[in-house]
Structure formats: structure tokens, C-alpha cells
>>> print(open('start28.cif').read())   # mmCIF, C-alpha atoms, pLDDT in the B column; chains and numbers go by the auth columns
data_structure
loop_
_atom_site.group_PDB
_atom_site.id
_atom_site.type_symbol
_atom_site.label_atom_id
_atom_site.label_comp_id
_atom_site.label_asym_id
_atom_site.label_seq_id
_atom_site.Cartn_x
_atom_site.Cartn_y
_atom_site.Cartn_z
_atom_site.B_iso_or_equiv
_atom_site.auth_seq_id
_atom_site.auth_asym_id
ATOM 1 C CA MET A 1 -1.137 7.796 18.641 60.00 46 W
ATOM 2 C CA ARG A 2 -0.052 7.941 15.022 76.00 47 W
ATOM 3 C CA GLU A 3 -2.593 9.213 12.515 90.00 48 W
ATOM 4 C CA PHE A 4 -3.132 6.962 9.527 94.00 49 W
ATOM 5 C CA SER A 5 -4.458 7.997 6.142 93.00 50 W
ATOM 6 C CA THR A 6 -8.088 7.008 5.982 92.00 51 W
ATOM 7 C CA ASN A 7 -8.780 8.645 2.603 96.00 52 W
ATOM 8 C CA LEU A 8 -7.422 6.152 0.098 97.00 53 W
ATOM 9 C CA THR A 9 -7.577 5.673 -3.657 96.00 54 W
ATOM 10 C CA PHE A 10 -8.363 2.451 -5.480 96.00 55 W
ATOM 11 C CA ILE A 11 -6.882 2.521 -8.967 94.00 56 W
ATOM 12 C CA SER A 12 -8.362 0.211 -11.545 94.00 57 W
ATOM 13 C CA ALA A 13 -7.092 -0.537 -15.016 91.00 58 W
ATOM 14 C CA PRO A 14 -8.263 -3.092 -17.541 89.00 59 W
ATOM 15 C CA GLY A 15 -7.910 -6.436 -15.802 85.00 60 W
ATOM 16 C CA HIS A 16 -6.715 -5.447 -12.337 91.00 61 W
ATOM 17 C CA GLY A 17 -6.630 -2.926 -9.497 94.00 62 W
ATOM 18 C CA TRP A 18 -4.441 -1.529 -6.735 93.00 63 W
ATOM 19 C CA LEU A 19 -5.027 0.289 -3.476 97.00 64 W
ATOM 20 C CA ARG A 20 -2.744 3.344 -3.212 96.00 65 W
ATOM 21 C CA VAL A 21 -1.482 3.810 0.351 97.00 66 W
ATOM 22 C CA PRO A 22 1.342 5.747 2.042 96.00 67 W
ATOM 23 C CA LEU A 23 4.502 3.734 2.684 94.00 68 W
ATOM 24 C CA VAL A 24 4.741 5.214 6.184 94.00 69 W
ATOM 25 C CA ASP A 25 1.387 3.607 7.034 96.00 70 W
ATOM 26 C CA ILE A 26 2.572 0.207 5.835 95.00 71 W
ATOM 27 C CA ALA A 27 5.680 0.550 8.006 93.00 72 W
ATOM 28 C CA ALA A 28 3.676 1.746 11.027 94.00 73 W
ATOM 29 C CA LEU A 29 1.388 -1.282 10.711 95.00 74 W
ATOM 30 C CA GLY A 30 4.412 -3.597 10.373 93.00 75 W
ATOM 31 C CA LEU A 31 3.205 -5.030 7.078 94.00 76 W
ATOM 32 C CA GLU A 32 6.322 -4.569 4.947 91.00 77 W
ATOM 33 C CA THR A 33 7.247 -8.259 5.112 89.00 78 W
ATOM 34 C CA VAL A 34 3.762 -9.601 4.334 92.00 79 W
ATOM 35 C CA ILE A 35 3.098 -7.583 1.174 94.00 80 W
ATOM 36 C CA SER A 36 3.699 -9.670 -1.961 93.00 81 W
ATOM 37 C CA SER A 37 5.803 -8.899 -5.009 91.00 82 W
ATOM 38 C CA TYR A 38 2.540 -8.322 -6.918 92.00 83 W
ATOM 39 C CA SER A 39 2.453 -4.868 -5.310 94.00 84 W
ATOM 40 C CA PHE A 40 4.548 -1.851 -6.288 92.00 85 W
ATOM 41 C CA ILE A 41 6.361 1.036 -4.631 92.00 86 W
ATOM 42 C CA ASP A 42 6.488 4.470 -6.236 90.00 87 W
ATOM 43 C CA GLY A 43 7.797 7.494 -4.368 86.00 88 W
ATOM 44 C CA HIS A 44 6.077 7.720 -1.002 91.00 89 W
ATOM 45 C CA PHE A 45 3.261 5.357 -1.933 94.00 90 W
ATOM 46 C CA ALA A 46 2.576 1.690 -2.410 95.00 91 W
ATOM 47 C CA TYR A 47 0.155 0.276 -4.932 95.00 92 W
ATOM 48 C CA LEU A 48 -1.200 -2.810 -3.219 97.00 93 W
ATOM 49 C CA GLU A 49 -2.512 -5.606 -5.399 95.00 94 W
ATOM 50 C CA GLU A 50 -6.266 -5.778 -4.892 94.00 95 W
ATOM 51 C CA ASP A 51 -6.839 -9.490 -4.290 91.00 96 W
ATOM 52 C CA ALA A 52 -4.541 -10.149 -1.336 91.00 97 W
ATOM 53 C CA ASP A 53 -2.298 -7.249 -0.311 97.00 98 W
ATOM 54 C CA GLY A 54 -4.987 -4.591 -0.329 97.00 99 W
ATOM 55 C CA THR A 55 -7.232 -6.805 1.796 96.00 100 W
ATOM 56 C CA VAL A 56 -4.442 -7.467 4.312 97.00 101 W
ATOM 57 C CA TYR A 57 -3.712 -3.762 4.565 97.00 102 W
ATOM 58 C CA LEU A 58 -7.351 -2.756 5.058 97.00 103 W
ATOM 59 C CA ALA A 59 -7.860 -5.378 7.771 97.00 104 W
ATOM 60 C CA ALA A 60 -4.780 -4.159 9.668 97.00 105 W
ATOM 61 C CA LEU A 61 -5.798 -0.511 9.264 96.00 106 W
ATOM 62 C CA ARG A 62 -9.328 -1.167 10.519 95.00 107 W
ATOM 63 C CA GLU A 63 -8.033 -3.165 13.476 95.00 108 W
ATOM 64 C CA ARG A 64 -5.570 -0.446 14.487 94.00 109 W
ATOM 65 C CA THR A 65 -7.755 2.627 13.937 93.00 110 W
ATOM 66 C CA GLN A 66 -11.279 1.273 14.409 94.00 111 W
ATOM 67 C CA VAL A 67 -12.180 3.530 11.465 91.00 112 W
ATOM 68 C CA GLU A 68 -13.651 2.569 8.120 94.00 113 W
ATOM 69 C CA PRO A 69 -11.503 4.256 5.436 95.00 114 W
ATOM 70 C CA THR A 70 -12.999 6.243 2.604 96.00 115 W
ATOM 71 C CA ILE A 71 -11.927 4.799 -0.732 97.00 116 W
ATOM 72 C CA GLN A 72 -12.227 6.824 -3.916 97.00 117 W
ATOM 73 C CA GLU A 73 -12.062 5.008 -7.223 96.00 118 W
ATOM 74 C CA GLU A 74 -9.899 6.119 -10.110 92.00 119 W
ATOM 75 C CA TYR A 75 -9.881 4.429 -13.506 94.00 120 W
ATOM 76 C CA ARG A 76 -6.788 4.465 -15.701 89.00 121 W
ATOM 77 C CA LYS A 77 -6.607 3.091 -19.207 90.00 122 W
ATOM 78 C CA HIS A 78 -3.018 2.089 -18.472 84.00 123 W
ATOM 79 C CA PHE A 79 -1.208 1.256 -15.225 84.00 124 W
ATOM 80 C CA SER A 80 2.585 1.256 -15.454 84.00 125 W
ATOM 81 C CA TYR A 81 4.186 -1.934 -14.175 82.00 126 W
ATOM 82 C CA ASN A 82 7.566 -0.238 -14.544 85.00 127 W
ATOM 83 C CA ARG A 83 7.925 0.369 -10.798 88.00 128 W
ATOM 84 C CA PRO A 84 9.906 -1.403 -8.097 89.00 129 W
ATOM 85 C CA ARG A 85 8.081 -4.307 -6.527 88.00 130 W
ATOM 86 C CA PHE A 86 7.792 -5.127 -2.857 86.00 131 W
ATOM 87 C CA GLY A 87 10.701 -7.243 -1.753 78.00 132 W
ATOM 88 C CA ALA A 88 13.128 -5.516 -4.130 75.00 133 W
ATOM 89 C CA ALA A 89 16.641 -5.250 -2.698 69.00 134 W
ATOM 90 C CA GLN A 90 16.542 -1.466 -2.358 74.00 135 W
ATOM 91 C CA PHE A 91 13.749 -1.794 0.208 78.00 136 W
ATOM 92 C CA SER A 92 15.812 -3.296 2.995 78.00 137 W
ATOM 93 C CA ALA A 93 15.100 -3.346 6.720 78.00 138 W
ATOM 94 C CA GLU A 94 16.919 -0.008 6.990 82.00 139 W
ATOM 95 C CA PHE A 95 14.585 1.549 4.431 82.00 140 W
ATOM 96 C CA TRP A 96 11.533 0.459 6.404 83.00 141 W
ATOM 97 C CA GLU A 97 13.067 1.671 9.652 83.00 142 W
ATOM 98 C CA THR A 98 13.397 5.166 8.161 85.00 143 W
ATOM 99 C CA MET A 99 9.712 4.998 7.234 84.00 144 W
ATOM 100 C CA ARG A 100 8.857 4.357 10.896 79.00 145 W
ATOM 101 C CA SER A 101 10.894 7.351 12.104 76.00 146 W
#
>>> encode(input="start28.cif", output="C-alpha cells")
Amino acid sequence: MREFSTNLTFISAPGHGWLRVPLVDIAALGLETVISSYSFIDGHFAYLEEDADGTVYLAALRERTQVEPTIQEEYRKHFSYNRPRFGAAQFSAEFWETMRS
């Protein structure tokens, strides 16, 4: 059975927040098509919008692992929105397939 990251970080900035999770975990849970364009991808991680995408991810993670993740909080005065968003063309089906490998 695949091991999922259960130590996660919630990043908050003035006005909003994101759950930072590994892209490979999103792919393994099959969530790449349900995450909205309000979430971002940066390197090997996703920053899931707190209101919907983060909740969807946590529910799927809990269902699959039967483990309650540990979530550390990190405050940033500024969160850069200058990152690719979910659904961007460069994140095609082939990209997600490589994440599953």
C-alpha cells in the first residue's frame, strides 16, 4: 500500500489559506480533475484552496488511510499567486500519469 504524507502544512495569509500537499498524493487519490483553479501547483506540491479543495483532499486522504493527518500552521504576510493553477495546460493527463508512477 502506498504511504501518504500525513504531516501537512496549512499556510495562511491575510484573507485566505491553502493546504500544502504533495502532488503525488493528489494523483494517487485520483483527485487531479476535481481540484479547482483556485488552487496552485509549485514544484512537487499543490497549495489547495482552503474552502473547497483542501476539504475534498482531507476527506479522500482520511477515507483511504483511516488516519487523521497532523496539520501545522504557517502564517505568511504574503502568498504569491504567481504560480500555475490547477487545470493549466501544462498539467495534462500525461503529467498526472507520471505522478502516479
>>> closest_residue(input="start28.cif", among="W:Ala91, W:Val79, W:Ala105, W:Ala133", to="Leu53 in chain W", atoms="only C-alpha atoms")
W:Ala91
>>> residues_around(input="start28.cif", residues="Thr110 in chain W", least_positions_apart="3", cutoff="10 Å", atoms="all atoms listed in the file", output="ChimeraX atom specification")
/W:46-49,51,105-107,113-114
>>> write_last_selection(input="start28.cif", atoms="C-alpha atoms", output="PDB file, keeping the file's coordinate frame")
ATOM      1  CA  MET W  46      -1.137   7.796  18.641  1.00 60.00           C
ATOM      2  CA  ARG W  47      -0.052   7.941  15.022  1.00 76.00           C
ATOM      3  CA  GLU W  48      -2.593   9.213  12.515  1.00 90.00           C
ATOM      4  CA  PHE W  49      -3.132   6.962   9.527  1.00 94.00           C
ATOM      5  CA  THR W  51      -8.088   7.008   5.982  1.00 92.00           C
ATOM      6  CA  ALA W 105      -4.780  -4.159   9.668  1.00 97.00           C
ATOM      7  CA  LEU W 106      -5.798  -0.511   9.264  1.00 96.00           C
ATOM      8  CA  ARG W 107      -9.328  -1.167  10.519  1.00 95.00           C
ATOM      9  CA  GLU W 113     -13.651   2.569   8.120  1.00 94.00           C
ATOM     10  CA  PRO W 114     -11.503   4.256   5.436  1.00 95.00           C
TER      11      PRO W 114
END
>>> resolve_selection(input="start28.cif", expression="the PyMOL selection byres ((chain W and resi 129) around 10)", output="ChimeraX atom specification")
/W:82,84-88,91,126-128,130-136
>>> residues_around(input="start28.cif", residues="His61 in chain W", least_positions_apart="5", cutoff="12 Å", atoms="only C-alpha atoms", output="number ranges by chain")
W: 55-56, 83-84, 92-96, 120-126
>>> resolve_selection(input="start28.cif", expression="the PyMOL selection byres ((chain W and resi 68) around 6)", output="MDAnalysis selection string")
chainID W and resid 67 69:71 89:91
>>> atom_distance(input="start28.cif", atom1="CA of Thr143 in chain W", atom2="CA of Ser57 in chain W")
29.8 Å
>>> atom_distance(input="start28.cif", atom1="CA of Ser81 in chain W", atom2="CA of Arg109 in chain W")
21.0 Å
>>> closest_residue(input="start28.cif", among="W:Val112, W:Leu76, W:Val101, W:Ala138", to="Ser50 in chain W", atoms="all atoms listed in the file")
W:Val112
